[in-house]
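K.L.:
Below you will find the structure I want to go over with you.
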Amino acid sequence: MGWRNVPDYPPKPPGGSPPKLLDQVRDRVRRLGYAKRTELSYVHWAKRYILFHGKRHPRDMGKQEVEAFLTSLAVERGVAAATQNLALAAILFLYREVLAAPLPWLDDVARAKRPARLPVVLTRSEVQSILEHTDGTAGMMLRLLYGTGMRLMECVRLRVKDVDFALHQITVRDGKGGKDRVTMLPRSLAVSLRAHLAQVKSLHDTDLAAGYGAVWLPDALAVKYPNAAKAWGWQYVFPAAGISTDPRSGERRRHHVDEKQLQRQMRKAVLAAGIAKPATPHTLRHSFATHLLEGGYDIRTVQELLGHADVSTTMIYTHVLNRGGRGVVSPLD
């Protein structure tokens with residue numbers, strides 16, 4: 001799978017009518033350099049907000065209508081707090097960035113309180129059992145997630161130039177919050193990853209011979225460095241199986257592998273291993289952090305490897321260390 005099969009709005013004819021409101025949302029998101037996922041999400045929630053109120057224009061609505069929409073999501077649809085806050089972020093973006101509405105009530109709209117839950121963490125033996133039920137590219141990616149602490153999309157978007165075999169490290173570019181960081185490259189994966197990249201290089205050479213071979217580049221680098229998109233270093237470590245069409249530019253090129261494939265492989269492996277925990281690829285990141293702390297590494301080091309801005313975020317893993325009931329012996333025992 002390549003780019004998601006999401007229809008993009010057609011280009012506006014020169015001298016035509018002003019763009020529709022949702023097209024303005026798309027234009028503003030792209031102008032600010034937000035991700036494609038953010039664009040799809042903001043357009044989706046802006047549209048639902050407008051339809052919920054009978055297609056009234058947002059300029060004619062205010063705090064009461066926003067809160068009524070969010071209440072409907074919580075009460076009637078039963079969506080999670082994170083989803084409510086995402087819908088609110090999209091609506092605030094619509095008013096602030098698209099309509100440029102200086103409305104004082106925007107900052108007064110209450111955000112849903114996210115419940116404090118401990119992350120799901122696998123034991124070392126459970127991780128090993130899951131990995132034993134995976135192979136191929138999916139198996140390598142799941143091993144990288146556990147061995148490096150990368151997020152799912154950080155692994156999927158990994159570029160060849162950011163894997164350093166000499167220093168045994170991986171540079172994670174544009175992680176959460178737009179930050180770069182460095183994590184380790186597991187030595188046990190070095191040989192298999194080199195072999196994998198040799199196959200990817202052969203695929204890239206085939207694409208070049210067929211007139212393709214370019215990848216998407218961030219921050220207008222394709223304009224500044226016209227040849228970079230076809231350079232080997234910028235290729236994805238885990239490319240898609242086929243050529244697809246970029247929904248924004250319309251260009252035909254090879255994107256990275258679809259993360260849903262890895263999520264499906266993880267579910268299959270968890271079931272095959274007979275593990276009852278609701279484990280996902282992100283669970284491997286939680287397990288990475290917890291097992292490092294169990295191994296005696298200090299929390300600041302783990303914080304840097306995970307890319308957390310605040311150590312308090314990392315401290316949640318101290319509550320799930322494998323010590324059973326906070327290390328206290330039950331009076332029954």
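Letters A, B, ... mark the chains of the structure tokens in the order given; residue numbers begin at 1 per chain; ligand numbers begin at 1, in order shown.
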Contacts of range 198-213 of chain A at 7 Å or less, counting only C-alpha atoms, minus same-chain residues fewer than 4 places along, as number ranges by chain?
P.N.:
A: 194, 230, 253
K.L.:
Near Ala35 in chain A, within 12 Å and counting only C-alpha atoms, which residues show up once chain neighbours fewer than 6 positions away are dropped, as a PyMOL selection string?
P.N.:
chain A and resi 26+28-29+41-42+174+176-178+218-219+248
K.L.:
Keeping C-alpha atoms, export the residues of the selection given above as an mmCIF file, in the first residue's frame.
P.N.:
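Output contents, as saved in selection.cif:
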data_model
loop_
_atom_site.group_PDB
_atom_site.id
_atom_site.type_symbol
_atom_site.label_atom_id
_atom_site.label_comp_id
_atom_site.auth_asym_id
_atom_site.auth_seq_id
_atom_site.Cartn_x
_atom_site.Cartn_y
_atom_site.Cartn_z
ATOM 1 C CA ARG A 26 -6.980 22.485 3.250
ATOM 2 C CA ARG A 28 -4.326 26.877 5.231
ATOM 3 C CA VAL A 29 -3.172 23.512 6.619
ATOM 4 C CA SER A 41 -8.517 15.188 10.329
ATOM 5 C CA TYR A 42 -9.168 18.953 10.420
ATOM 6 C CA ASP A 174 10.764 15.135 12.842
ATOM 7 C CA LYS A 176 6.497 14.105 17.898
ATOM 8 C CA GLY A 177 6.662 17.854 18.379
ATOM 9 C CA GLY A 178 8.850 18.212 15.289
ATOM 10 C CA PRO A 218 9.741 17.591 3.552
ATOM 11 C CA ASP A 219 9.969 21.366 3.843
ATOM 12 C CA ARG A 248 -1.472 16.353 -2.964
#
K.L.:
Just want the 8 Å neighbourhood of range 188-191 of chain A, counted on only C-alpha atoms, with same-chain residues fewer than 2 positions away dropped. Output as a list of chain:residue names.
P.N.:
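Using only C-alpha atoms, the neighbours found are A:Met140, A:Leu144, A:Phe165, A:Leu185, A:Pro186, A:Leu193, A:Arg194, A:Ala195.
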K.L.:
Emit the selected residues as a compact mmCIF listing (two decimals), in the first residue's frame, including N, CA, C and O atoms.
P.N.:
# COMPACT_ATOMS: atom_id res chain seq x y z
N MET A 140 10.97 -7.57 11.06
CA MET A 140 12.09 -6.66 11.27
C MET A 140 11.62 -5.33 11.85
O MET A 140 12.25 -4.77 12.75
N LEU A 144 12.55 -3.63 15.41
CA LEU A 144 13.09 -2.27 15.52
C LEU A 144 12.29 -1.43 16.52
O LEU A 144 12.87 -0.66 17.28
N PHE A 165 25.28 2.43 10.53
CA PHE A 165 25.78 1.13 10.97
C PHE A 165 27.10 1.26 11.71
O PHE A 165 27.40 0.46 12.60
N LEU A 185 20.83 1.51 17.36
CA LEU A 185 20.53 0.49 16.36
C LEU A 185 20.92 -0.84 16.97
O LEU A 185 22.12 -1.08 17.22
N PRO A 186 19.98 -1.71 17.27
CA PRO A 186 20.32 -3.00 17.89
C PRO A 186 21.34 -3.77 17.05
O PRO A 186 21.14 -3.97 15.85
N LEU A 193 19.34 -6.11 8.65
CA LEU A 193 18.93 -4.81 8.11
C LEU A 193 19.78 -4.44 6.90
O LEU A 193 19.26 -3.86 5.93
N ARG A 194 21.06 -4.78 6.92
CA ARG A 194 21.92 -4.54 5.75
C ARG A 194 21.40 -5.33 4.54
O ARG A 194 21.34 -4.82 3.42
N ALA A 195 21.03 -6.57 4.77
CA ALA A 195 20.51 -7.41 3.68
C ALA A 195 19.20 -6.84 3.15
O ALA A 195 18.95 -6.84 1.94
K.L.:
Can you tell me, as a PyMOL selection string, what residues are no more than 10 Å from Leu92 in chain A when counting only C-alpha atoms, ignoring any on the same chain fewer than 2 positions away?
P.N.:
chain A and resi 42+46+66+86-90+94-99+101+106-107+109
K.L.:
Could you turn the residues from that selection into a file that holds all heavy atoms, as a tab-separated table (two decimals), in the first residue's frame?
P.N.:
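Output file part.tsv follows:
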chain	number	residue	atom	x	y	z
A	42	TYR	N	-8.56	17.64	10.23
A	42	TYR	CA	-9.17	18.95	10.42
A	42	TYR	C	-10.34	19.16	9.46
A	42	TYR	O	-11.37	19.73	9.84
A	42	TYR	CB	-8.12	20.04	10.23
A	42	TYR	CG	-7.25	20.27	11.46
A	42	TYR	CD1	-7.25	19.37	12.52
A	42	TYR	CD2	-6.42	21.39	11.56
A	42	TYR	CE1	-6.47	19.57	13.63
A	42	TYR	CE2	-5.63	21.60	12.69
A	42	TYR	CZ	-5.65	20.69	13.71
A	42	TYR	OH	-4.87	20.89	14.83
A	46	ALA	N	-14.18	19.68	10.78
A	46	ALA	CA	-14.84	20.93	10.39
A	46	ALA	C	-16.14	20.63	9.65
A	46	ALA	O	-17.17	21.27	9.87
A	46	ALA	CB	-13.90	21.77	9.52
A	66	VAL	N	-20.35	25.23	19.55
A	66	VAL	CA	-19.17	24.38	19.68
A	66	VAL	C	-19.35	23.38	20.82
A	66	VAL	O	-19.10	22.18	20.68
A	66	VAL	CB	-17.90	25.22	19.90
A	66	VAL	CG1	-16.70	24.32	20.22
A	66	VAL	CG2	-17.59	26.07	18.67
A	86	LEU	N	-9.44	16.42	19.78
A	86	LEU	CA	-9.04	16.55	18.38
A	86	LEU	C	-10.09	17.33	17.60
A	86	LEU	O	-9.76	18.20	16.78
A	86	LEU	CB	-8.84	15.17	17.77
A	86	LEU	CG	-8.48	15.12	16.28
A	86	LEU	CD1	-7.20	15.90	16.01
A	86	LEU	CD2	-8.33	13.68	15.81
A	87	ALA	N	-11.37	17.03	17.84
A	87	ALA	CA	-12.45	17.77	17.18
A	87	ALA	C	-12.40	19.24	17.57
A	87	ALA	O	-12.57	20.13	16.72
A	87	ALA	CB	-13.80	17.16	17.56
A	88	LEU	N	-12.13	19.51	18.85
A	88	LEU	CA	-12.04	20.89	19.30
A	88	LEU	C	-10.87	21.61	18.63
A	88	LEU	O	-10.99	22.76	18.19
A	88	LEU	CB	-11.89	20.94	20.82
A	88	LEU	CG	-11.66	22.32	21.44
A	88	LEU	CD1	-12.80	23.28	21.08
A	88	LEU	CD2	-11.51	22.21	22.95
A	89	ALA	N	-9.73	20.93	18.52
A	89	ALA	CA	-8.57	21.54	17.87
A	89	ALA	C	-8.87	21.91	16.42
A	89	ALA	O	-8.46	22.97	15.93
A	89	ALA	CB	-7.38	20.58	17.94
A	90	ALA	N	-9.61	21.04	15.74
A	90	ALA	CA	-9.97	21.31	14.35
A	90	ALA	C	-10.89	22.53	14.24
A	90	ALA	O	-10.74	23.37	13.35
A	90	ALA	CB	-10.64	20.08	13.74
A	94	LEU	N	-10.25	26.18	12.53
A	94	LEU	CA	-11.17	26.76	11.55
A	94	LEU	C	-11.43	28.23	11.86
A	94	LEU	O	-11.37	29.09	10.97
A	94	LEU	CB	-12.48	25.97	11.57
A	94	LEU	CG	-13.65	26.54	10.77
A	94	LEU	CD1	-13.33	26.55	9.28
A	94	LEU	CD2	-14.92	25.74	11.04
A	95	TYR	N	-11.69	28.53	13.13
A	95	TYR	CA	-12.01	29.91	13.51
A	95	TYR	C	-10.76	30.81	13.49
A	95	TYR	O	-10.82	31.94	12.99
A	95	TYR	CB	-12.65	29.94	14.89
A	95	TYR	CG	-14.13	29.62	14.87
A	95	TYR	CD1	-14.60	28.38	15.29
A	95	TYR	CD2	-15.07	30.56	14.44
A	95	TYR	CE1	-15.96	28.07	15.27
A	95	TYR	CE2	-16.42	30.27	14.42
A	95	TYR	CZ	-16.87	29.03	14.83
A	95	TYR	OH	-18.20	28.74	14.80
A	96	ARG	N	-9.67	30.31	14.03
A	96	ARG	CA	-8.49	31.16	14.18
A	96	ARG	C	-7.70	31.34	12.88
A	96	ARG	O	-7.33	32.46	12.51
A	96	ARG	CB	-7.57	30.58	15.26
A	96	ARG	CG	-8.08	30.78	16.67
A	96	ARG	CD	-7.20	30.05	17.66
A	96	ARG	NE	-7.56	30.37	19.04
A	96	ARG	CZ	-7.35	29.57	20.08
A	96	ARG	NH1	-6.80	28.37	19.88
A	96	ARG	NH2	-7.68	29.93	21.30
A	97	GLU	N	-7.44	30.22	12.21
A	97	GLU	CA	-6.53	30.26	11.06
A	97	GLU	C	-7.24	30.49	9.73
A	97	GLU	O	-6.64	31.06	8.82
A	97	GLU	CB	-5.75	28.93	11.00
A	97	GLU	CG	-4.86	28.68	12.19
A	97	GLU	CD	-3.71	29.66	12.30
A	97	GLU	OE1	-3.38	30.31	11.27
A	97	GLU	OE2	-3.15	29.80	13.40
A	98	VAL	N	-8.48	30.04	9.62
A	98	VAL	CA	-9.18	30.16	8.34
A	98	VAL	C	-10.09	31.38	8.32
A	98	VAL	O	-10.03	32.20	7.40
A	98	VAL	CB	-10.00	28.88	8.05
A	98	VAL	CG1	-10.74	29.01	6.71
A	98	VAL	CG2	-9.09	27.67	8.03
A	99	LEU	N	-10.92	31.52	9.35
A	99	LEU	CA	-11.84	32.64	9.40
A	99	LEU	C	-11.23	33.87	10.06
A	99	LEU	O	-11.80	34.96	9.96
A	99	LEU	CB	-13.12	32.24	10.16
A	99	LEU	CG	-13.90	31.06	9.55
A	99	LEU	CD1	-15.09	30.71	10.42
A	99	LEU	CD2	-14.36	31.38	8.14
A	101	ALA	N	-11.14	34.75	13.07
A	101	ALA	CA	-12.18	35.31	13.92
A	101	ALA	C	-11.63	35.60	15.31
A	101	ALA	O	-11.31	34.68	16.05
A	101	ALA	CB	-13.36	34.35	14.02
A	106	LEU	N	-13.06	31.64	22.40
A	106	LEU	CA	-12.31	30.49	21.93
A	106	LEU	C	-11.49	29.84	23.04
A	106	LEU	O	-11.39	28.62	23.13
A	106	LEU	CB	-11.39	30.89	20.77
A	106	LEU	CG	-12.07	31.18	19.43
A	106	LEU	CD1	-11.05	31.66	18.41
A	106	LEU	CD2	-12.77	29.94	18.90
A	107	ASP	N	-10.86	30.67	23.87
A	107	ASP	CA	-10.00	30.14	24.92
A	107	ASP	C	-10.78	29.62	26.11
A	107	ASP	O	-10.21	29.00	27.02
A	107	ASP	CB	-9.02	31.22	25.40
A	107	ASP	CG	-8.04	31.62	24.31
A	107	ASP	OD1	-7.63	30.73	23.53
A	107	ASP	OD2	-7.69	32.81	24.23
A	109	VAL	N	-13.48	27.57	25.85
A	109	VAL	CA	-14.09	26.27	25.60
A	109	VAL	C	-13.30	25.19	26.33
A	109	VAL	O	-12.09	25.06	26.14
A	109	VAL	CB	-14.14	25.96	24.08
A	109	VAL	CG1	-14.74	24.58	23.84
A	109	VAL	CG2	-14.94	27.02	23.35
K.L.:
Would you compute the distance between CA of Lys179 in chain A and CA of His308 in chain A? Give it in Å to one decimal.
P.N.:
9.7 Å
K.L.:
Among range 69-169 of chain A, which residues carry a DSSP assignment of strand (DSSP E or B), reported as a count of residues only?
P.N.:
4
K.L.:
List every residue of range 78-218 of chain A that DSSP, applied to the backbone of this structure, places in helix (DSSP H, G or I), and write the result as a PyMOL selection string.
P.N.:
chain A and resi 81-98+104-108+124-132+136-148+152-156+160-162+176-178+187-209
K.L.:
So that I can see what lies close to Tyr236 in chain A, please list as number ranges by chain the residues with an atom at most 10 Å from it, counting only C-alpha atoms and leaving out residues fewer than 3 positions away in the same chain.
P.N.:
A: 155-162, 197, 200, 204, 215-216, 232-233, 239-240, 254-257
K.L.:
If I take CA of Ile170 in chain A and CA of Met184 in chain A, how far is one from the other in Å, to one decimal?
P.N.:
5.8 Å
K.L.:
Which one is closest to Leu217 in chain A: A:Ser249, A:Thr183, A:Phe238, A:Glu76? Count only C-alpha atoms.
P.N.:
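Looking at the shortest contact to Leu217 in chain A, the residue is A:Ser249.
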K.L.:
Measuring atom to atom with only C-alpha atoms, identify which of A:Ala74, A:Val43, A:Leu293, A:Leu306 is nearest to Thr318 in chain A.
P.N.:
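Closest candidate: A:Leu293.
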K.L.:
What lies within 12 Å of Glu304 in chain A using only C-alpha atoms, ignoring chain neighbours under 3 positions off, as a VMD selection string?
P.N.:
chain A and resid 148 to 150 172 179 to 184 289 297 to 301 307 to 311 313 to 314
K.L.:
Write out, as a PDB file, in the first residue's frame, the residues just selected, with C-alpha atoms.
P.N.:
ATOM      1  CA  THR A 148      14.842   1.288  19.533  1.00  0.00           C
ATOM      2  CA  GLY A 149      11.734   2.670  21.228  1.00  0.00           C
ATOM      3  CA  MET A 150      10.581   4.341  18.019  1.00  0.00           C
ATOM      4  CA  VAL A 172      14.728   9.873  14.255  1.00  0.00           C
ATOM      5  CA  LYS A 179      11.989  17.159  17.186  1.00  0.00           C
ATOM      6  CA  ASP A 180      14.957  15.054  16.086  1.00  0.00           C
ATOM      7  CA  ARG A 181      16.632  12.556  18.396  1.00  0.00           C
ATOM      8  CA  VAL A 182      19.093   9.685  18.327  1.00  0.00           C
ATOM      9  CA  THR A 183      18.443   6.136  19.500  1.00  0.00           C
ATOM     10  CA  MET A 184      20.430   2.925  19.281  1.00  0.00           C
ATOM     11  CA  ALA A 289      11.161   1.926  28.163  1.00  0.00           C
ATOM     12  CA  TYR A 297      19.366   2.594  33.113  1.00  0.00           C
ATOM     13  CA  ASP A 298      18.634   6.033  34.551  1.00  0.00           C
ATOM     14  CA  ILE A 299      15.383   7.722  33.688  1.00  0.00           C
ATOM     15  CA  ARG A 300      17.043  10.709  31.972  1.00  0.00           C
ATOM     16  CA  THR A 301      18.703   8.390  29.464  1.00  0.00           C
ATOM     17  CA  GLY A 307      12.167  11.860  22.874  1.00  0.00           C
ATOM     18  CA  HIS A 308      10.010  13.026  25.784  1.00  0.00           C
ATOM     19  CA  ALA A 309      10.140  16.787  26.392  1.00  0.00           C
ATOM     20  CA  ASP A 310       9.447  16.346  30.103  1.00  0.00           C
ATOM     21  CA  VAL A 311      10.806  13.620  32.362  1.00  0.00           C
ATOM     22  CA  THR A 313       6.099  11.741  30.907  1.00  0.00           C
ATOM     23  CA  THR A 314       8.789   9.086  31.200  1.00  0.00           C
TER      24      THR A 314
END
K.L.:
So, counting only C-alpha atoms, which residue among A:Lys277, A:Lys268, A:His286, A:Arg56 is closest to Glu132 in chain A?
P.N.:
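The answer is A:Lys268, which sits nearest to Glu132 in chain A.
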